[in-house]
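Student: So that we are looking at the same thing, I have put the structure below in structure tokens.
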Amino acid sequence: MAEILLKPKGSIGIMVEAEVIRPDLFAGKKKEEIEGLFLWQGPKTLPLAEFFDVDIGRAGQTDEGKPEETSIIIEGDVSRVKRIGQGMKAGRIEIQGSAGMHLGEEMTGGSIIVRGDAGSWTGMEMRGGQIHIKGNGADHIGSAYRGSWRGMTGGEILIDGNARSQLGGGLVGGRIIVAGNVENFCGIRQSGGLILVRGSAVRGMGAEMNGGTIAICGSIKQPSPGFVEVGREENVKLGEIQLDGWYTKFAGDFALGKNPKGTLYCREG
């Protein structure tokens with residue numbers, strides 16, 4: 001696999017938009033070509049070399065132009081660099097630090113791993129592939145654009161820490177798994193897919209939900225009023241995932257109408 005190493009140069013003032021940092025745009029290019037790709041900073045376009053040192057090893061060129069065999073490794077914090085991996089189709093990105101907003105937006109394949117935190121709108125309207133956040137996620141992970149009803153439709157987002165508000169807003173397909181806690185309005189307007197939170201939630205879970213599944217392994221501080229208890233289940237199966245113990249099952253959100261198809265599980269005790 002061809003490996004391209006990017007090392008951030010110093011601190012960044014105005015945030016940089018770097019949708020060109022993705023394997024299918026790096027594959028087959030020479031070092032100088034990668035350095036010459038343009039990034040936006042405010043109203044200006046500047047070459048990638050203005051912000052990163054580039055190293056593609058002794059070969060001097062990435063391997064045969066195959067995105068699926070191209071790996072980009074970013075050594076350091078890029079929390080002020082937005083849109084890394086936007087529209088990504090194949091290959092791999094590893095960020096050895098925290099990442100900025102819109103990471104993996106509209107990606108359809110490949111994988112991104114963040115060994116720190118990830119900014120808001122990560123995985124927005126994602127359609128395939130995997131994003132793995134080793135730290136915490138900010139707001140609107142896996143959600144829809146402002147004014148849109150369709151968020152993530154496929155793929156998988158894993159968060160080893162906590163997530164903030166409106167996780168999976170407008171979720172249609174795919175799944176989001178959070179090892180820690182979430183805050184407000186997780187799964188708002190969800191119509192499909194799965195959200196699994198192994199910790200607890202604050203309020204507004206599944207508001208305006210009309211399909212899909214949410215499971216909370218901890219507690220919900222302020223449940224949504226439009227959900228109705230429909231039973232209890234032990235050792236709930238969610239695809240290949242099994243949740244041990246007893247869970248209360250709810251249907252909702254009845255605030256939307258008389259026949260909502262959303263399912264919410266909350267662990268008992």
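Here, A, B, ... name the chains of the structure tokens in the order displayed, residue numbers run from 1 inside each chain, and ligands are numbered from 1 in the same displayed order.
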Give me the residues of stretch 151-268 of chain A that have any atom at most 12 Å from an atom of stretch 109-131 of chain A; for each, the nearest atom pair and the distance in Å, rounded to one decimal. Use only C-alpha atoms, sort by chain and number, and format it as a Markdown table.

Tutor:
```
| residue | atom | partner | partner_atom | distance |
| --- | --- | --- | --- | --- |
| A:Gly151 | CA | A:Glu125 | CA | 4.5 |
| A:Met152 | CA | A:Glu125 | CA | 4.1 |
| A:Thr153 | CA | A:Arg127 | CA | 5.0 |
| A:Gly154 | CA | A:Arg127 | CA | 4.3 |
| A:Gly155 | CA | A:Gly128 | CA | 3.8 |
| A:Glu156 | CA | A:Gln130 | CA | 4.8 |
| A:Ile157 | CA | A:Ile131 | CA | 4.8 |
| A:Leu158 | CA | A:Ile131 | CA | 6.3 |
| A:Ile159 | CA | A:Ile131 | CA | 8.4 |
| A:Asp160 | CA | A:Asp117 | CA | 9.7 |
| A:Gly161 | CA | A:Asp117 | CA | 8.6 |
| A:Asn162 | CA | A:Asp117 | CA | 9.6 |
| A:Ala163 | CA | A:Ala118 | CA | 9.5 |
| A:Arg164 | CA | A:Ser120 | CA | 8.9 |
| A:Ser165 | CA | A:Ser120 | CA | 9.5 |
| A:Gln166 | CA | A:Trp121 | CA | 9.8 |
| A:Leu167 | CA | A:Trp121 | CA | 9.1 |
| A:Gly168 | CA | A:Met124 | CA | 8.8 |
| A:Gly169 | CA | A:Met124 | CA | 9.3 |
| A:Gly170 | CA | A:Glu125 | CA | 9.0 |
| A:Leu171 | CA | A:Glu125 | CA | 8.4 |
| A:Val172 | CA | A:Glu125 | CA | 9.3 |
| A:Gly173 | CA | A:Arg127 | CA | 8.3 |
| A:Gly174 | CA | A:Gly128 | CA | 7.9 |
| A:Arg175 | CA | A:Gln130 | CA | 9.8 |
| A:Ile176 | CA | A:Ile131 | CA | 9.6 |
| A:Ile177 | CA | A:Ile131 | CA | 10.7 |
| A:Val178 | CA | A:Ile131 | CA | 12.0 |
| A:Gly193 | CA | A:Arg127 | CA | 11.8 |
```

Student: Report as an MDAnalysis selection string all protein, DNA and RNA residues lying within 9 Å of stretch 46-55 of chain A, evaluated on only C-alpha atoms, omitting residues in the same chain fewer than 2 positions from it.

Tutor: chainID A and resid 3:12 16 18 20:21 31:32 34:41 44 57:58 60

Student: Can you list, as number ranges by chain, every protein, DNA or RNA residue that comes within 7 Å of stretch 71-83 of chain A when you count only C-alpha atoms, leaving out same-chain residues fewer than 4 positions away?

Tutor: A: 1-8, 12, 15-19, 23, 91-105

Student: Let me see the file: selected residues, N, CA, C and O atoms, as a CSV table (one decimal), in the first residue's frame.

Tutor:
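This went into selection_29.csv:
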```csv
chain,number,residue,atom,x,y,z
A,1,MET,N,0.8,-1.2,0.0
A,1,MET,CA,0.0,0.0,0.0
A,1,MET,C,0.9,1.2,0.0
A,1,MET,O,1.8,1.4,0.8
A,2,ALA,N,0.6,2.2,-0.9
A,2,ALA,CA,1.3,3.5,-0.9
A,2,ALA,C,0.9,4.3,0.3
A,2,ALA,O,-0.2,4.4,0.7
A,3,GLU,N,1.9,4.9,0.9
A,3,GLU,CA,1.7,5.6,2.2
A,3,GLU,C,2.2,7.1,2.0
A,3,GLU,O,3.4,7.3,1.7
A,4,ILE,N,1.3,8.0,2.2
A,4,ILE,CA,1.7,9.4,2.1
A,4,ILE,C,1.6,10.0,3.5
A,4,ILE,O,0.6,9.9,4.2
A,5,LEU,N,2.7,10.6,4.0
A,5,LEU,CA,2.8,11.2,5.3
A,5,LEU,C,2.7,12.7,5.2
A,5,LEU,O,3.4,13.4,4.5
A,6,LEU,N,1.8,13.3,6.0
A,6,LEU,CA,1.6,14.8,6.0
A,6,LEU,C,1.9,15.2,7.5
A,6,LEU,O,1.3,14.7,8.4
A,7,LYS,N,2.8,16.2,7.6
A,7,LYS,CA,3.1,16.8,8.9
A,7,LYS,C,2.7,18.2,8.9
A,7,LYS,O,3.2,19.0,8.1
A,8,PRO,N,1.8,18.6,9.8
A,8,PRO,CA,1.3,20.0,9.9
A,8,PRO,C,2.5,21.0,10.2
A,8,PRO,O,3.4,20.6,11.0
A,12,ILE,N,-2.4,27.2,12.9
A,12,ILE,CA,-3.3,27.8,11.8
A,12,ILE,C,-4.2,28.8,12.5
A,12,ILE,O,-4.9,28.5,13.5
A,15,MET,N,-9.3,29.0,9.8
A,15,MET,CA,-9.5,27.6,9.4
A,15,MET,C,-9.2,27.3,8.0
A,15,MET,O,-9.6,28.1,7.1
A,16,VAL,N,-8.7,26.2,7.7
A,16,VAL,CA,-8.3,25.7,6.3
A,16,VAL,C,-9.3,24.7,5.9
A,16,VAL,O,-9.7,23.8,6.7
A,17,GLU,N,-9.8,24.7,4.6
A,17,GLU,CA,-10.7,23.7,4.1
A,17,GLU,C,-9.9,22.9,3.1
A,17,GLU,O,-9.3,23.3,2.1
A,18,ALA,N,-9.8,21.6,3.4
A,18,ALA,CA,-8.9,20.7,2.8
A,18,ALA,C,-9.5,19.4,2.2
A,18,ALA,O,-9.1,18.3,2.5
A,19,GLU,N,-10.6,19.6,1.4
A,19,GLU,CA,-11.3,18.5,0.8
A,19,GLU,C,-10.4,17.7,-0.2
A,19,GLU,O,-10.7,16.6,-0.5
A,23,PRO,N,-7.6,9.9,-0.4
A,23,PRO,CA,-6.8,8.9,-1.2
A,23,PRO,C,-7.0,9.0,-2.7
A,23,PRO,O,-6.0,8.8,-3.5
A,91,GLY,N,-9.6,3.7,0.1
A,91,GLY,CA,-8.4,4.0,0.8
A,91,GLY,C,-8.5,4.2,2.2
A,91,GLY,O,-9.6,3.9,2.8
A,92,ARG,N,-7.5,4.8,2.8
A,92,ARG,CA,-7.4,5.0,4.3
A,92,ARG,C,-6.8,6.3,4.7
A,92,ARG,O,-5.8,6.8,4.0
A,93,ILE,N,-7.4,6.9,5.7
A,93,ILE,CA,-6.8,8.1,6.3
A,93,ILE,C,-6.6,7.9,7.8
A,93,ILE,O,-7.6,7.4,8.4
A,94,GLU,N,-5.4,8.2,8.3
A,94,GLU,CA,-5.2,8.1,9.8
A,94,GLU,C,-4.7,9.4,10.2
A,94,GLU,O,-3.7,9.9,9.7
A,95,ILE,N,-5.4,9.9,11.2
A,95,ILE,CA,-5.0,11.2,11.8
A,95,ILE,C,-4.5,11.0,13.2
A,95,ILE,O,-5.3,10.5,14.1
A,96,GLN,N,-3.3,11.3,13.4
A,96,GLN,CA,-2.6,11.0,14.8
A,96,GLN,C,-2.7,12.2,15.6
A,96,GLN,O,-1.8,12.8,16.1
A,97,GLY,N,-4.0,12.6,15.9
A,97,GLY,CA,-4.3,13.8,16.7
A,97,GLY,C,-5.8,14.1,16.5
A,97,GLY,O,-6.5,13.2,16.1
A,98,SER,N,-6.2,15.3,16.7
A,98,SER,CA,-7.6,15.6,16.6
A,98,SER,C,-7.9,16.2,15.2
A,98,SER,O,-7.0,16.7,14.5
A,99,ALA,N,-9.2,16.1,14.7
A,99,ALA,CA,-9.6,16.5,13.4
A,99,ALA,C,-10.6,17.6,13.5
A,99,ALA,O,-11.3,17.7,14.4
A,100,GLY,N,-10.7,18.4,12.4
A,100,GLY,CA,-11.6,19.5,12.3
A,100,GLY,C,-13.0,19.1,11.8
A,100,GLY,O,-13.3,17.9,11.6
A,101,MET,N,-13.8,20.1,11.6
A,101,MET,CA,-15.2,19.9,11.2
A,101,MET,C,-15.3,19.3,9.8
A,101,MET,O,-14.4,19.3,9.0
A,102,HIS,N,-16.5,18.6,9.5
A,102,HIS,CA,-16.8,18.0,8.2
A,102,HIS,C,-15.9,16.9,7.8
A,102,HIS,O,-15.8,16.6,6.6
A,103,LEU,N,-15.2,16.3,8.7
A,103,LEU,CA,-14.4,15.1,8.4
A,103,LEU,C,-15.2,14.0,7.8
A,103,LEU,O,-16.3,13.7,8.3
A,104,GLY,N,-14.8,13.5,6.6
A,104,GLY,CA,-15.5,12.4,6.0
A,104,GLY,C,-16.9,12.7,5.5
A,104,GLY,O,-17.7,11.8,5.2
A,105,GLU,N,-17.2,14.0,5.3
A,105,GLU,CA,-18.5,14.4,4.8
A,105,GLU,C,-18.8,13.8,3.5
A,105,GLU,O,-17.9,13.7,2.6
```

Student: In Å, how far is it from atom CA of A:Lys261 to atom CA of A:Ala138?

Tutor: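 For atom CA of A:Lys261 relative to atom CA of A:Ala138, the distance reads 27.8 Å.
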
Student: Using backbone DSSP assignments, extract all helix (DSSP H, G or I) residues from stretch 5-176 of chain A; output them as a ChimeraX atom specification.

Tutor: /A:23-26,31-35,48-50,67-69

Student: So what do you get for atom CA of A:Ala207 versus atom CA of A:Gly187, distance-wise?

Tutor: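 Atom-to-atom, atom CA of A:Ala207 to atom CA of A:Gly187, that is 7.0 Å.
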
Student: List the spatial neighbours of A:Trp246 as a CSV table (one decimal) with C-alpha atoms, in the first residue's frame - criterion: any atom at most 6 Å away, only C-alpha atoms, same-chain residues fewer than 2 positions off excluded.

Tutor:
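Heads up, here's the output in around33.csv:
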```
chain,number,residue,atom,x,y,z
A,233,GLU,CA,-37.0,-7.5,26.2
A,234,GLU,CA,-34.0,-9.5,27.6
A,268,GLU,CA,-33.5,-1.1,33.1
```

Student: Give me the residues near A:Ile188 as a ChimeraX atom specification, where near means some atom within 12 Å (using only C-alpha atoms) and where sequence neighbours in that chain fewer than 3 positions away do not count.

Tutor: /A:140-144,149-151,165-172,183-185,191-192,195,203-214,224,252-253,256,262

Student: As an exercise, work out the distance from atom CA of A:Gly199 to atom CA of A:Gly239 in Å and give it to one decimal place.

Tutor: 19.4 Å

Student: Given only C-alpha atoms as the basis, pick out the residue of A:Thr263, A:Asn235, A:Ser148, A:Thr45 nearest to A:Ala215.

Tutor: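 Closest residue, counting only C-alpha atoms: A:Thr263.
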
Student: Just checking: using only C-alpha atoms, which residue out of A:Leu243, A:Ala255, A:Cys217, A:Val228 ends up closest to A:Arg189?

Tutor: A:Ala255
